[in-house]
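Student: One file is attached below, final-v6.txt, containing compact mmCIF, C-alpha atoms.
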# COMPACT_ATOMS: atom_id res chain seq x y z
CA PRO A 136 -100.13 -93.11 -104.61
CA ALA A 137 -103.76 -94.12 -104.21
CA SER A 138 -104.95 -90.59 -103.55
CA ILE A 139 -103.89 -86.98 -102.89
CA PHE A 140 -104.82 -84.69 -100.00
CA ILE A 141 -106.08 -81.12 -100.38
CA ASP A 142 -106.22 -78.96 -97.28
CA GLY A 143 -108.61 -76.06 -97.84
CA PRO A 144 -111.14 -73.88 -96.05
CA GLY A 145 -113.57 -76.80 -95.83
CA GLY A 146 -110.96 -79.01 -94.19
CA ALA A 147 -108.78 -81.80 -95.52
CA ARG A 148 -110.18 -83.86 -98.40
CA THR A 149 -108.98 -86.97 -100.14
CA ILE A 150 -109.23 -87.19 -103.97
CA PRO A 151 -109.09 -90.64 -105.63
CA GLU A 152 -106.18 -91.48 -107.90
CA GLY A 153 -108.19 -91.34 -111.19
CA ALA A 154 -109.74 -88.00 -110.37
CA ALA A 155 -106.35 -86.63 -109.33
CA ASP A 156 -104.75 -87.63 -112.68
CA LEU A 157 -107.64 -86.06 -114.56
CA MET A 158 -107.30 -82.84 -112.57
CA ILE A 159 -103.55 -82.63 -113.18
CA ARG A 160 -104.03 -83.17 -116.95
CA TYR A 161 -106.75 -80.52 -117.04
CA ILE A 162 -104.52 -78.00 -115.25
CA LEU A 163 -101.57 -78.72 -117.59
CA ALA A 164 -103.73 -78.50 -120.72
CA SER A 165 -105.28 -75.23 -119.57
CA THR A 166 -101.87 -73.75 -118.83
CA ILE A 167 -100.47 -74.75 -122.25
CA LEU A 168 -103.58 -73.42 -124.05
CA CYS A 169 -103.40 -70.07 -122.25
CA CYS A 170 -99.70 -69.71 -123.08
CA ALA A 171 -100.33 -70.56 -126.75
CA LEU A 172 -103.20 -68.06 -127.01
CA ALA A 173 -101.12 -65.36 -125.33
CA ALA A 174 -98.17 -65.99 -127.66
CA GLY A 175 -100.42 -66.09 -130.74
CA GLY A 176 -102.17 -62.88 -129.74
CA SER A 177 -98.83 -61.18 -129.14
CA ALA A 178 -97.52 -62.33 -132.57
CA ALA A 179 -100.69 -61.21 -134.31
CA ARG A 180 -100.49 -57.80 -132.67
CA SER A 181 -96.84 -57.56 -133.69
CA GLN A 182 -97.61 -58.46 -137.32
CA ASP A 183 -100.68 -56.23 -137.63
CA ARG A 184 -99.09 -53.26 -135.90
CA PRO A 185 -98.70 -50.48 -138.46
CA ALA A 186 -95.43 -48.61 -138.54
CA PRO A 187 -95.61 -45.37 -136.53
CA ALA A 188 -96.15 -42.30 -138.67
CA ASP A 189 -93.05 -40.67 -137.21
CA GLU A 190 -90.81 -43.75 -137.58
CA LYS A 191 -87.42 -42.64 -138.89
CA ASP A 192 -86.06 -44.02 -142.16
CA TYR A 193 -82.29 -43.86 -141.83
CA CYS A 194 -81.75 -44.85 -145.47
CA ILE A 195 -83.31 -41.54 -146.50
CA ILE A 196 -81.86 -39.50 -143.62
CA CYS A 197 -78.32 -40.77 -144.21
CA HIS A 198 -78.31 -40.42 -148.01
CA GLU A 199 -79.80 -36.92 -147.91
CA ALA A 200 -77.02 -35.85 -145.56
CA GLN A 201 -74.24 -37.03 -147.90
CA ASP A 202 -71.98 -34.50 -149.59
CA THR A 203 -71.63 -36.67 -152.68
CA GLU A 204 -74.28 -35.96 -155.33
CA ARG A 205 -74.20 -39.60 -156.43
CA LEU A 206 -75.43 -40.74 -153.01
CA LYS A 207 -77.89 -37.88 -152.46
CA LYS A 208 -79.54 -37.85 -155.90
CA PRO A 209 -81.44 -41.18 -155.59
CA VAL A 210 -83.49 -39.87 -152.64
CA VAL A 211 -84.32 -36.63 -154.47
CA GLU A 212 -85.54 -38.62 -157.49
CA TRP A 213 -87.40 -41.17 -155.36
CA ARG A 214 -89.51 -38.45 -153.71
CA SER A 215 -91.25 -37.68 -157.03
CA SER A 216 -91.72 -41.34 -157.99
CA VAL A 217 -94.79 -43.58 -157.97
CA HIS A 218 -92.98 -45.83 -155.50
CA ASN A 219 -92.94 -43.02 -152.94
CA ALA A 220 -96.61 -42.23 -153.65
CA ALA A 221 -97.42 -45.91 -153.07
CA GLY A 222 -95.42 -46.03 -149.81
CA LYS A 223 -92.57 -48.13 -151.27
CA ARG A 224 -89.31 -47.14 -149.63
CA CYS A 225 -85.65 -47.91 -150.36
CA GLU A 226 -85.65 -51.36 -148.75
CA ALA A 227 -88.36 -52.59 -151.15
CA CYS A 228 -85.70 -52.77 -153.88
CA HIS A 229 -82.34 -52.51 -152.12
CA GLY A 230 -83.10 -54.42 -148.93
CA GLY A 231 -81.34 -53.38 -145.72
CA ASN A 232 -82.83 -52.22 -142.44
CA PRO A 233 -83.99 -48.56 -142.49
CA ALA A 234 -84.62 -48.62 -138.74
CA LEU A 235 -80.89 -48.92 -137.93
CA ASN A 236 -78.80 -45.77 -137.67
CA ASP A 237 -75.63 -47.69 -138.47
CA LYS A 238 -74.34 -48.16 -142.01
CA LEU A 239 -72.60 -51.49 -141.40
CA LEU A 240 -75.55 -53.06 -139.56
CA ALA A 241 -78.13 -51.65 -142.00
CA HIS A 242 -76.11 -53.01 -144.96
CA ALA A 243 -75.34 -56.37 -143.35
CA LEU A 244 -76.31 -59.69 -144.94
CA LYS A 245 -78.66 -60.45 -142.06
CA SER A 246 -80.52 -57.26 -142.99
CA ASN A 247 -81.01 -58.71 -146.51
CA PHE A 248 -79.13 -55.82 -148.09
CA ARG A 249 -79.02 -56.29 -151.89
CA GLY A 250 -77.46 -53.03 -152.99
CA LYS A 251 -77.74 -52.08 -156.65
CA PRO A 252 -79.59 -54.74 -158.70
CA ASP A 253 -77.70 -56.20 -161.66
CA ARG A 254 -78.78 -54.33 -164.82
CA LYS A 255 -79.12 -57.58 -166.80
CA LYS A 256 -81.33 -59.01 -164.05
CA GLY A 257 -83.30 -55.80 -163.56
CA THR A 258 -86.34 -57.02 -165.48
CA GLU A 259 -86.59 -60.19 -163.42
CA PHE A 260 -86.06 -58.13 -160.29
CA CYS A 261 -88.95 -55.75 -161.14
CA GLY A 262 -91.11 -58.73 -162.08
CA ARG A 263 -90.63 -60.71 -158.89
CA GLU A 264 -93.65 -61.92 -156.91
CA GLY A 265 -95.56 -59.08 -155.34
CA CYS A 266 -94.33 -56.50 -157.85
CA HIS A 267 -94.78 -56.13 -161.64
CA VAL A 268 -95.42 -59.76 -162.58
CA LYS A 269 -97.84 -59.26 -165.50
CA ALA A 270 -95.81 -56.50 -167.15
CA THR A 271 -92.69 -58.68 -166.98
CA GLU A 272 -94.54 -61.65 -168.49
CA GLN A 273 -95.51 -59.41 -171.40
CA PHE A 274 -92.00 -58.00 -171.74
CA ARG A 275 -90.48 -61.50 -171.98
CA ARG A 276 -92.47 -62.09 -175.19
CA GLY A 277 -90.77 -59.26 -177.04
CA PRO A 278 -87.38 -58.86 -178.69
CA HIS A 279 -86.24 -56.33 -176.09
CA TYR A 280 -86.00 -59.06 -173.46
CA LEU A 281 -83.27 -60.87 -175.39
CA SER A 282 -81.38 -57.61 -175.66
CA VAL A 283 -81.67 -57.07 -171.91
CA MET A 284 -80.25 -60.53 -171.24
CA LYS A 285 -77.20 -59.63 -173.36
CA SER A 286 -76.52 -55.99 -172.57
CA GLY A 287 -78.99 -54.92 -169.88
CA GLU A 288 -80.77 -52.53 -172.27
CA PRO A 289 -83.54 -51.56 -172.88
CA GLY A 290 -85.02 -52.77 -169.58
CA CYS A 291 -87.66 -51.48 -167.19
CA VAL A 292 -85.51 -48.62 -165.88
CA THR A 293 -84.70 -47.46 -169.43
CA CYS A 294 -88.23 -46.08 -169.80
CA HIS A 295 -89.62 -45.94 -166.26
CA GLY A 296 -86.49 -44.74 -164.46
CA ALA A 297 -84.37 -46.28 -161.73
CA HIS A 298 -85.35 -44.06 -158.79
CA ASN A 299 -87.72 -41.47 -160.28
CA ILE A 300 -90.01 -44.30 -161.37
CA GLN A 301 -93.02 -43.17 -163.43
CA ARG A 302 -96.25 -44.84 -164.49
CA SER A 303 -96.75 -46.15 -168.02
CA SER A 304 -97.62 -43.19 -170.24
CA ILE A 305 -96.45 -41.43 -173.37
CA ASP A 306 -94.18 -39.30 -171.16
CA VAL A 307 -91.81 -42.21 -170.43
CA ILE A 308 -91.18 -42.95 -174.11
CA SER A 309 -89.25 -40.64 -176.43
CA GLU A 310 -87.70 -40.72 -179.88
CA LYS A 311 -84.30 -40.26 -178.25
CA SER A 312 -84.58 -43.46 -176.22
CA CYS A 313 -85.78 -45.45 -179.26
CA THR A 314 -83.24 -44.12 -181.76
CA ALA A 315 -80.43 -45.58 -179.67
CA CYS A 316 -81.28 -48.87 -181.43
CA HIS A 317 -83.93 -48.13 -184.09
CA PRO A 318 -83.96 -45.92 -187.21
CA ALA A 319 -85.26 -42.40 -186.57
CA ASP A 320 -88.32 -42.82 -188.86
CA TYR A 321 -89.40 -46.02 -187.11
CA ALA A 322 -88.88 -44.48 -183.66
CA ARG A 323 -90.90 -41.40 -184.68
CA ASP A 324 -93.78 -43.55 -185.96
CA ILE A 325 -93.82 -45.65 -182.78
CA VAL A 326 -93.88 -42.61 -180.49
CA LYS A 327 -96.60 -40.98 -182.63
CA LEU A 328 -98.76 -44.13 -182.54
CA ILE A 329 -98.39 -44.53 -178.78
CA GLY A 330 -99.23 -40.85 -178.32
CA GLU A 331 -102.44 -41.14 -180.38
CA ILE A 332 -103.59 -44.18 -178.40
CA ASP A 333 -102.70 -42.55 -175.08
CA ARG A 334 -104.65 -39.38 -175.96
CA GLY A 335 -107.63 -41.46 -177.13
CA ILE A 336 -107.72 -43.36 -173.84
CA GLY A 337 -107.43 -40.04 -172.01
CA ARG A 338 -110.48 -38.63 -173.85
CA ILE A 339 -112.54 -41.70 -172.99
CA ASP A 340 -111.42 -41.50 -169.36
CA GLY A 341 -112.63 -37.88 -169.28
CA ASN A 342 -115.99 -38.80 -170.82
CA LEU A 343 -116.49 -41.65 -168.37
CA ALA A 344 -115.69 -39.34 -165.46
CA VAL A 345 -118.42 -36.94 -166.64
CA LEU A 346 -120.92 -39.80 -167.05
CA ALA A 347 -120.06 -41.26 -163.65
CA ASP A 348 -120.49 -37.81 -162.07
CA LYS A 349 -124.00 -37.73 -163.56
CA ARG A 350 -124.63 -41.19 -162.05
CA ALA A 351 -124.92 -42.84 -165.47
CA ASP A 352 -124.34 -46.59 -165.78
CA VAL A 353 -120.78 -46.83 -167.12
CA LYS A 354 -119.69 -50.23 -165.78
CA SER A 355 -119.67 -51.98 -169.18
CA LEU A 356 -117.86 -49.04 -170.78
CA GLN A 357 -115.25 -49.04 -168.01
CA ASN A 358 -114.70 -52.78 -168.50
CA ARG A 359 -114.19 -52.28 -172.23
CA LEU A 360 -111.76 -49.44 -171.61
CA GLY A 361 -109.92 -51.58 -169.05
CA ASN A 362 -109.48 -54.35 -171.62
CA THR A 363 -108.30 -51.82 -174.21
CA ARG A 364 -105.81 -50.32 -171.77
CA HIS A 365 -104.53 -53.81 -170.97
CA LEU A 366 -103.97 -54.49 -174.69
CA PHE A 367 -102.22 -51.13 -175.01
CA HIS A 368 -99.82 -51.89 -172.14
CA GLN A 369 -99.23 -55.33 -173.59
CA MET A 370 -98.43 -53.85 -176.99
CA VAL A 371 -96.02 -51.32 -175.48
CA HIS A 372 -94.21 -53.91 -173.36
CA VAL A 373 -93.93 -56.52 -176.12
CA PHE A 374 -92.86 -54.09 -178.86
CA SER A 375 -92.77 -56.76 -181.54
CA ARG A 376 -93.57 -55.28 -184.96
CA GLU A 377 -95.95 -58.11 -185.82
CA ASP A 378 -97.78 -57.95 -182.49
CA MET A 379 -97.92 -54.18 -182.62
CA GLU A 380 -99.50 -54.14 -186.09
CA THR A 381 -102.19 -56.63 -185.08
CA THR A 382 -102.88 -55.17 -181.64
CA GLN A 383 -102.81 -51.62 -182.97
CA ARG A 384 -105.79 -52.28 -185.25
CA ILE A 385 -107.84 -53.81 -182.42
CA ILE A 386 -107.01 -50.97 -180.05
CA MET A 387 -107.72 -48.19 -182.56
CA LEU A 388 -111.08 -49.71 -183.54
CA GLU A 389 -112.13 -50.10 -179.89
CA ILE A 390 -110.96 -46.60 -179.00
CA ALA A 391 -112.91 -45.14 -181.92
CA SER A 392 -116.02 -47.05 -180.82
CA LEU A 393 -115.69 -46.08 -177.16
CA ASP A 394 -114.87 -42.49 -178.03
CA GLU A 395 -117.97 -42.18 -180.21
CA GLU A 396 -120.23 -43.91 -177.69
CA THR A 397 -119.06 -41.97 -174.65
CA THR A 398 -119.02 -38.66 -176.54
CA THR A 399 -122.62 -39.27 -177.69
CA LYS A 400 -123.71 -40.06 -174.13
CA VAL A 401 -121.96 -36.97 -172.76
CA SER A 402 -123.55 -34.80 -175.49
CA SER A 403 -126.98 -36.23 -174.66
CA LEU A 404 -126.50 -35.47 -170.98
CA GLN A 405 -125.31 -31.96 -171.79
CA ARG A 406 -128.40 -31.38 -173.96
CA MET A 407 -130.59 -32.67 -171.12
CA ASP A 408 -128.83 -30.32 -168.72
CA LEU A 409 -129.37 -27.43 -171.14
CA LEU A 410 -133.04 -28.36 -171.58
CA TYR A 411 -133.41 -28.55 -167.80
CA LEU A 412 -131.89 -25.08 -167.42
CA VAL A 413 -134.16 -23.69 -170.16
CA MET A 414 -137.25 -25.24 -168.53
CA LEU A 415 -136.14 -24.01 -165.13
CA GLY A 416 -135.62 -20.50 -166.50
CA PHE A 417 -138.99 -20.63 -168.27
CA GLY A 418 -140.68 -21.77 -165.05
CA LEU A 419 -139.03 -19.05 -163.02
CA ALA A 420 -140.03 -16.48 -165.63
CA ILE A 421 -143.68 -17.60 -165.42
CA ILE A 422 -143.58 -17.50 -161.61
CA ALA A 423 -142.01 -14.04 -161.71
CA GLY A 424 -144.63 -12.83 -164.25
CA VAL A 425 -147.52 -14.18 -162.20
CA SER A 426 -146.05 -12.65 -159.04
CA ILE A 427 -145.67 -9.23 -160.69
CA TYR A 428 -149.16 -9.40 -162.18
CA SER A 429 -150.61 -10.39 -158.80
CA ALA A 430 -148.79 -7.54 -157.06
CA VAL A 431 -150.01 -4.99 -159.64
CA MET A 432 -153.62 -6.22 -159.41
CA TYR A 433 -153.47 -6.19 -155.62
CA SER A 434 -152.16 -2.61 -155.55
CA ARG A 435 -154.95 -1.47 -157.93
CA ARG A 436 -157.62 -3.03 -155.78
CA LYS A 437 -156.30 -1.27 -152.69
CA LYS A 438 -156.55 2.03 -154.49
Taking this structure as input, can you express it in the form of structure tokens?
Tutor:
Amino acid sequence: PASIFIDGPGGARTIPEGAADLMIRYILASTILCCALAAGGSAARSQDRPAPADEKDYCIICHEAQDTERLKKPVVEWRSSVHNAAGKRCEACHGGNPALNDKLLAHALKSNFRGKPDRKKGTEFCGREGCHVKATEQFRRGPHYLSVMKSGEPGCVTCHGAHNIQRSSIDVISEKSCTACHPADYARDIVKLIGEIDRGIGRIDGNLAVLADKRADVKSLQNRLGNTRHLFHQMVHVFSREDMETTQRIIMLEIASLDEETTTKVSSLQRMDLLYLVMLGFGLAIIAGVSIYSAVMYSRRKK
């Protein structure tokens, strides 16, 4: 057609063919753009929407209600774990859909249910993207990794736990766990060494907390301690005798240096605080003496 007719309040009008095509394209483009924006906004709101605080987790509800201790125990242990403190729930490791109150549907393949991870693949599982990548990279360098590939021990859960997962500290390592493979003397020396380093880092952490509370500049000291802690975790995860001997010397020297430096700074601040209190007390004593003297002289003059 050469033109189209529009009948409106102003009467009938004729629009040329070119203008009509342009108008139709404009209307179609606007419609598609609006639909795309609406869909994108809806998807964004869906992705950004936080889970409701009262949203039920049927993995926890169902397992806690079981009569069998084997099925109930994992939830009890998980509640005191770092995973719970960090908001990591059952599906983070086992998959499944915690929003479904149906065992078959929640454990279905389409719900990505994984069940119990293979013990030999546990290290790789803990070290997958988004989880403990660096620690796993370190662990692969040590002799324990080869043992895990053969027997599944000693892996991540051997020290950190399977459900009651704990942070890296001296508390997760014991002579009992080491003597399963190593001589008692060697296991005792390892645990003692790790304990000394852990306590040294703890002392420095305490000193830095005091300094930070006094608004002292501790950024460089914190960076040094962070590097030392990284070496410590690397040493513990690798557990190669050669690496441990070399890394141990570096760590102990740095801990001794940091301990001395932070202790000196804390002592200096404490002396300054004591001097401030003495000066404050002295000043208050002078003010009190002058006030008393002035009151006595004033009372004498009145008499």
Student: For region 298-347 of chain A against region 281-289 of chain A, with a cut-off of 12 Å and counting only C-alpha atoms, what is the closest atom pair and its distance in Å to one decimal for every residue that makes the cut, ordered by chain and number, as a tab-separated table?
Tutor:
residue	atom	partner	partner_atom	distance
A:Ile308	CA	A:Pro289	CA	11.6
A:Ser312	CA	A:Pro289	CA	8.8
A:Cys313	CA	A:Pro289	CA	9.1
A:Thr314	CA	A:Pro289	CA	11.6
A:Ala315	CA	A:Pro289	CA	9.6
A:Cys316	CA	A:Pro289	CA	9.2
A:His317	CA	A:Pro289	CA	11.7
Student: So that I can check the surroundings of Ile390 (chain A), please list as a count of residues only every protein, DNA and RNA residue that reaches within 7 Å of it, counting only C-alpha atoms and ignoring chain neighbours fewer than 3 positions away.
Tutor: 6
Student: Between CA of Arg334 (chain A) and CA of Glu396 (chain A), what is the distance, to one decimal in Å?
Tutor: 16.3 Å
Student: One number please: CA of Phe367 (chain A) to CA of Thr382 (chain A), in Å, one decimal.
Tutor: 7.8 Å
Student: Quick one: everything within 12 Å of Thr399 (chain A), counting only C-alpha atoms, minus sequence neighbours fewer than 6 positions away in the same chain. Send it as a PyMOL selection string.
Tutor: chain A and resi 339+342-343+346+392-393+405-406
Student: Write out the residues from the selection above, keeping C-alpha atoms, as a short mmCIF file (atom, residue, chain, number, x, y, z; two decimals), keeping the file's coordinate frame.
Tutor:
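Final output, saved to out19.cif:
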data_model
loop_
_atom_site.label_atom_id
_atom_site.label_comp_id
_atom_site.auth_asym_id
_atom_site.auth_seq_id
_atom_site.Cartn_x
_atom_site.Cartn_y
_atom_site.Cartn_z
CA ILE A 339 -112.54 -41.70 -172.99
CA ASN A 342 -115.99 -38.80 -170.82
CA LEU A 343 -116.49 -41.65 -168.37
CA LEU A 346 -120.92 -39.80 -167.05
CA SER A 392 -116.02 -47.05 -180.82
CA LEU A 393 -115.69 -46.08 -177.16
CA GLN A 405 -125.31 -31.96 -171.79
CA ARG A 406 -128.40 -31.38 -173.96
#
Student: To box region 198-213 of chain A, take all atoms listed in the file, fit an axis-aligned box, add 5 Å on each side, and give centre and edge lengths in Å to one decimal, as AutoDock Vina command-line options.
Tutor:
--center_x -79.5 --center_y -37.8 --center_z -151.5 --size_x 25.8 --size_y 16.7 --size_z 21.9
Student: Set the distance at 10 Å and use all atoms listed in the file: which residues neighbour Arg275 (chain A) once local chain neighbours fewer than 5 positions away are removed? I'd like the list as a PDB file with C-alpha atoms, keeping the file's coordinate frame.
Tutor:
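Below you can see out_1.pdb, which holds the result:
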ATOM      1  CA  THR A 258     -86.340 -57.020-165.480  1.00  0.00           C
ATOM      2  CA  GLU A 259     -86.590 -60.190-163.420  1.00  0.00           C
ATOM      3  CA  ALA A 270     -95.810 -56.500-167.150  1.00  0.00           C
ATOM      4  CA  TYR A 280     -86.000 -59.060-173.460  1.00  0.00           C
ATOM      5  CA  LEU A 281     -83.270 -60.870-175.390  1.00  0.00           C
ATOM      6  CA  VAL A 283     -81.670 -57.070-171.910  1.00  0.00           C
ATOM      7  CA  HIS A 372     -94.210 -53.910-173.360  1.00  0.00           C
ATOM      8  CA  VAL A 373     -93.930 -56.520-176.120  1.00  0.00           C
TER       9      VAL A 373
END
Student: Between A:Ile196, A:Ile385, A:Val326, A:Leu360, which has the minimum distance to Lys311 (chain A) (counting all atoms listed in the file)?
Tutor: A:Val326
Student: I'd like the neighbourhood of region 299-304 of chain A as a list in words, where a residue qualifies if any of its atoms comes within 10 Å (using all atoms listed in the file), though same-chain residues fewer than 3 positions away should be ignored.
Tutor: Lys208, Pro209, Val210, Val211, Glu212, Trp213, Arg214, Ser215, Ser216, Val217, His218, Asn219, Cys291, Val292, Cys294, His295, Gly296, Val307, Ile308, Ile329, Gly330, Asp333, Arg334, His368, Val371 and His372 of chain A
Student: May I have the residues within 9 Å of Cys225 (chain A) as a ChimeraX atom specification, using all atoms listed in the file and disregarding those fewer than 3 positions away in the same chain?
Tutor: /A:194-195,210,213,228-231,233
Student: Restricting the calculation to all atoms listed in the file: of A:His267, A:Lys255, A:Arg364, A:Lys207, which residue gets closest to His298 (chain A)?
Tutor: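 Selected residue with least distance to His298 (chain A): A:Lys207.
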Student: Of the candidates A:Arg249, A:Arg254, A:Arg376, A:Lys223, which one gets nearest to Ile325 (chain A) if we count all atoms listed in the file?
Tutor: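 For Ile325 (chain A), the nearest of the given residues is A:Arg376.
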Student: So how far away is CA of Ala220 (chain A) from CA of Leu366 (chain A), in Å?
Tutor: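 So the two atoms, CA of Leu366 (chain A) and CA of Ala220 (chain A), lie 25.4 Å apart.
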Student: With the input short on atoms, add N, CA, C and O atoms back to region 299-320 of chain A and write it as a PDB file, in the frame of the given file.
Tutor:
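Wrote result15.pdb, looks like this:
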ATOM      1  N   ASN A 299     -86.552 -42.306-159.985  1.00  0.00           N
ATOM      2  CA  ASN A 299     -87.720 -41.470-160.280  1.00  0.00           C
ATOM      3  C   ASN A 299     -88.689 -42.259-161.151  1.00  0.00           C
ATOM      4  O   ASN A 299     -88.973 -41.916-162.299  1.00  0.00           O
ATOM      5  N   ILE A 300     -89.210 -43.337-160.596  1.00  0.00           N
ATOM      6  CA  ILE A 300     -90.010 -44.300-161.370  1.00  0.00           C
ATOM      7  C   ILE A 300     -91.388 -43.709-161.680  1.00  0.00           C
ATOM      8  O   ILE A 300     -92.077 -43.227-160.790  1.00  0.00           O
ATOM      9  N   GLN A 301     -91.762 -43.768-162.964  1.00  0.00           N
ATOM     10  CA  GLN A 301     -93.020 -43.170-163.430  1.00  0.00           C
ATOM     11  C   GLN A 301     -93.950 -44.244-163.980  1.00  0.00           C
ATOM     12  O   GLN A 301     -93.518 -45.305-164.420  1.00  0.00           O
ATOM     13  N   ARG A 302     -95.244 -43.925-163.946  1.00  0.00           N
ATOM     14  CA  ARG A 302     -96.250 -44.840-164.490  1.00  0.00           C
ATOM     15  C   ARG A 302     -96.133 -44.930-166.002  1.00  0.00           C
ATOM     16  O   ARG A 302     -95.549 -44.060-166.648  1.00  0.00           O
ATOM     17  N   SER A 303     -96.746 -45.986-166.559  1.00  0.00           N
ATOM     18  CA  SER A 303     -96.750 -46.150-168.020  1.00  0.00           C
ATOM     19  C   SER A 303     -97.566 -45.032-168.649  1.00  0.00           C
ATOM     20  O   SER A 303     -98.741 -44.860-168.343  1.00  0.00           O
ATOM     21  N   SER A 304     -96.944 -44.256-169.502  1.00  0.00           N
ATOM     22  CA  SER A 304     -97.620 -43.190-170.240  1.00  0.00           C
ATOM     23  C   SER A 304     -96.709 -42.776-171.388  1.00  0.00           C
ATOM     24  O   SER A 304     -95.551 -43.211-171.477  1.00  0.00           O
ATOM     25  N   ILE A 305     -97.238 -41.912-172.234  1.00  0.00           N
ATOM     26  CA  ILE A 305     -96.450 -41.430-173.370  1.00  0.00           C
ATOM     27  C   ILE A 305     -95.229 -40.660-172.892  1.00  0.00           C
ATOM     28  O   ILE A 305     -94.213 -40.548-173.588  1.00  0.00           O
ATOM     29  N   ASP A 306     -95.272 -40.131-171.671  1.00  0.00           N
ATOM     30  CA  ASP A 306     -94.180 -39.300-171.160  1.00  0.00           C
ATOM     31  C   ASP A 306     -92.908 -40.093-170.909  1.00  0.00           C
ATOM     32  O   ASP A 306     -91.830 -39.510-170.843  1.00  0.00           O
ATOM     33  N   VAL A 307     -93.016 -41.423-170.731  1.00  0.00           N
ATOM     34  CA  VAL A 307     -91.810 -42.210-170.430  1.00  0.00           C
ATOM     35  C   VAL A 307     -91.143 -42.738-171.693  1.00  0.00           C
ATOM     36  O   VAL A 307     -90.096 -43.379-171.614  1.00  0.00           O
ATOM     37  N   ILE A 308     -91.758 -42.477-172.850  1.00  0.00           N
ATOM     38  CA  ILE A 308     -91.180 -42.950-174.110  1.00  0.00           C
ATOM     39  C   ILE A 308     -90.849 -41.752-174.991  1.00  0.00           C
ATOM     40  O   ILE A 308     -91.650 -40.830-175.129  1.00  0.00           O
ATOM     41  N   SER A 309     -89.668 -41.751-175.579  1.00  0.00           N
ATOM     42  CA  SER A 309     -89.250 -40.640-176.430  1.00  0.00           C
ATOM     43  C   SER A 309     -88.501 -41.172-177.646  1.00  0.00           C
ATOM     44  O   SER A 309     -88.007 -42.298-177.647  1.00  0.00           O
ATOM     45  N   GLU A 310     -88.437 -40.336-178.669  1.00  0.00           N
ATOM     46  CA  GLU A 310     -87.700 -40.720-179.880  1.00  0.00           C
ATOM     47  C   GLU A 310     -86.227 -40.943-179.548  1.00  0.00           C
ATOM     48  O   GLU A 310     -85.580 -41.833-180.105  1.00  0.00           O
ATOM     49  N   LYS A 311     -85.717 -40.155-178.618  1.00  0.00           N
ATOM     50  CA  LYS A 311     -84.300 -40.260-178.250  1.00  0.00           C
ATOM     51  C   LYS A 311     -83.968 -41.638-177.694  1.00  0.00           C
ATOM     52  O   LYS A 311     -82.944 -42.230-178.053  1.00  0.00           O
ATOM     53  N   SER A 312     -84.846 -42.150-176.821  1.00  0.00           N
ATOM     54  CA  SER A 312     -84.580 -43.460-176.220  1.00  0.00           C
ATOM     55  C   SER A 312     -84.703 -44.583-177.251  1.00  0.00           C
ATOM     56  O   SER A 312     -84.001 -45.589-177.167  1.00  0.00           O
ATOM     57  N   CYS A 313     -85.586 -44.406-178.241  1.00  0.00           N
ATOM     58  CA  CYS A 313     -85.780 -45.450-179.260  1.00  0.00           C
ATOM     59  C   CYS A 313     -84.688 -45.428-180.328  1.00  0.00           C
ATOM     60  O   CYS A 313     -84.299 -46.476-180.843  1.00  0.00           O
ATOM     61  N   THR A 314     -84.228 -44.226-180.676  1.00  0.00           N
ATOM     62  CA  THR A 314     -83.240 -44.120-181.760  1.00  0.00           C
ATOM     63  C   THR A 314     -81.863 -44.637-181.349  1.00  0.00           C
ATOM     64  O   THR A 314     -80.968 -44.736-182.194  1.00  0.00           O
ATOM     65  N   ALA A 315     -81.697 -44.973-180.084  1.00  0.00           N
ATOM     66  CA  ALA A 315     -80.430 -45.580-179.670  1.00  0.00           C
ATOM     67  C   ALA A 315     -80.238 -46.925-180.368  1.00  0.00           C
ATOM     68  O   ALA A 315     -79.104 -47.359-180.576  1.00  0.00           O
ATOM     69  N   CYS A 316     -81.359 -47.564-180.750  1.00  0.00           N
ATOM     70  CA  CYS A 316     -81.280 -48.870-181.430  1.00  0.00           C
ATOM     71  C   CYS A 316     -82.013 -48.885-182.770  1.00  0.00           C
ATOM     72  O   CYS A 316     -81.642 -49.643-183.657  1.00  0.00           O
ATOM     73  N   HIS A 317     -83.075 -48.077-182.904  1.00  0.00           N
ATOM     74  CA  HIS A 317     -83.930 -48.130-184.090  1.00  0.00           C
ATOM     75  C   HIS A 317     -83.705 -46.928-184.996  1.00  0.00           C
ATOM     76  O   HIS A 317     -83.270 -45.860-184.526  1.00  0.00           O
ATOM     77  N   PRO A 318     -84.035 -47.068-186.295  1.00  0.00           N
ATOM     78  CA  PRO A 318     -83.960 -45.920-187.210  1.00  0.00           C
ATOM     79  C   PRO A 318     -84.881 -44.797-186.747  1.00  0.00           C
ATOM     80  O   PRO A 318     -85.919 -45.042-186.118  1.00  0.00           O
ATOM     81  N   ALA A 319     -84.522 -43.565-187.057  1.00  0.00           N
ATOM     82  CA  ALA A 319     -85.260 -42.400-186.570  1.00  0.00           C
ATOM     83  C   ALA A 319     -86.718 -42.419-187.044  1.00  0.00           C
ATOM     84  O   ALA A 319     -87.634 -42.089-186.275  1.00  0.00           O
ATOM     85  N   ASP A 320     -86.952 -42.809-188.331  1.00  0.00           N
ATOM     86  CA  ASP A 320     -88.320 -42.820-188.860  1.00  0.00           C
ATOM     87  C   ASP A 320     -89.198 -43.814-188.095  1.00  0.00           C
ATOM     88  O   ASP A 320     -90.345 -43.514-187.761  1.00  0.00           O
TER      89      ASP A 320
END
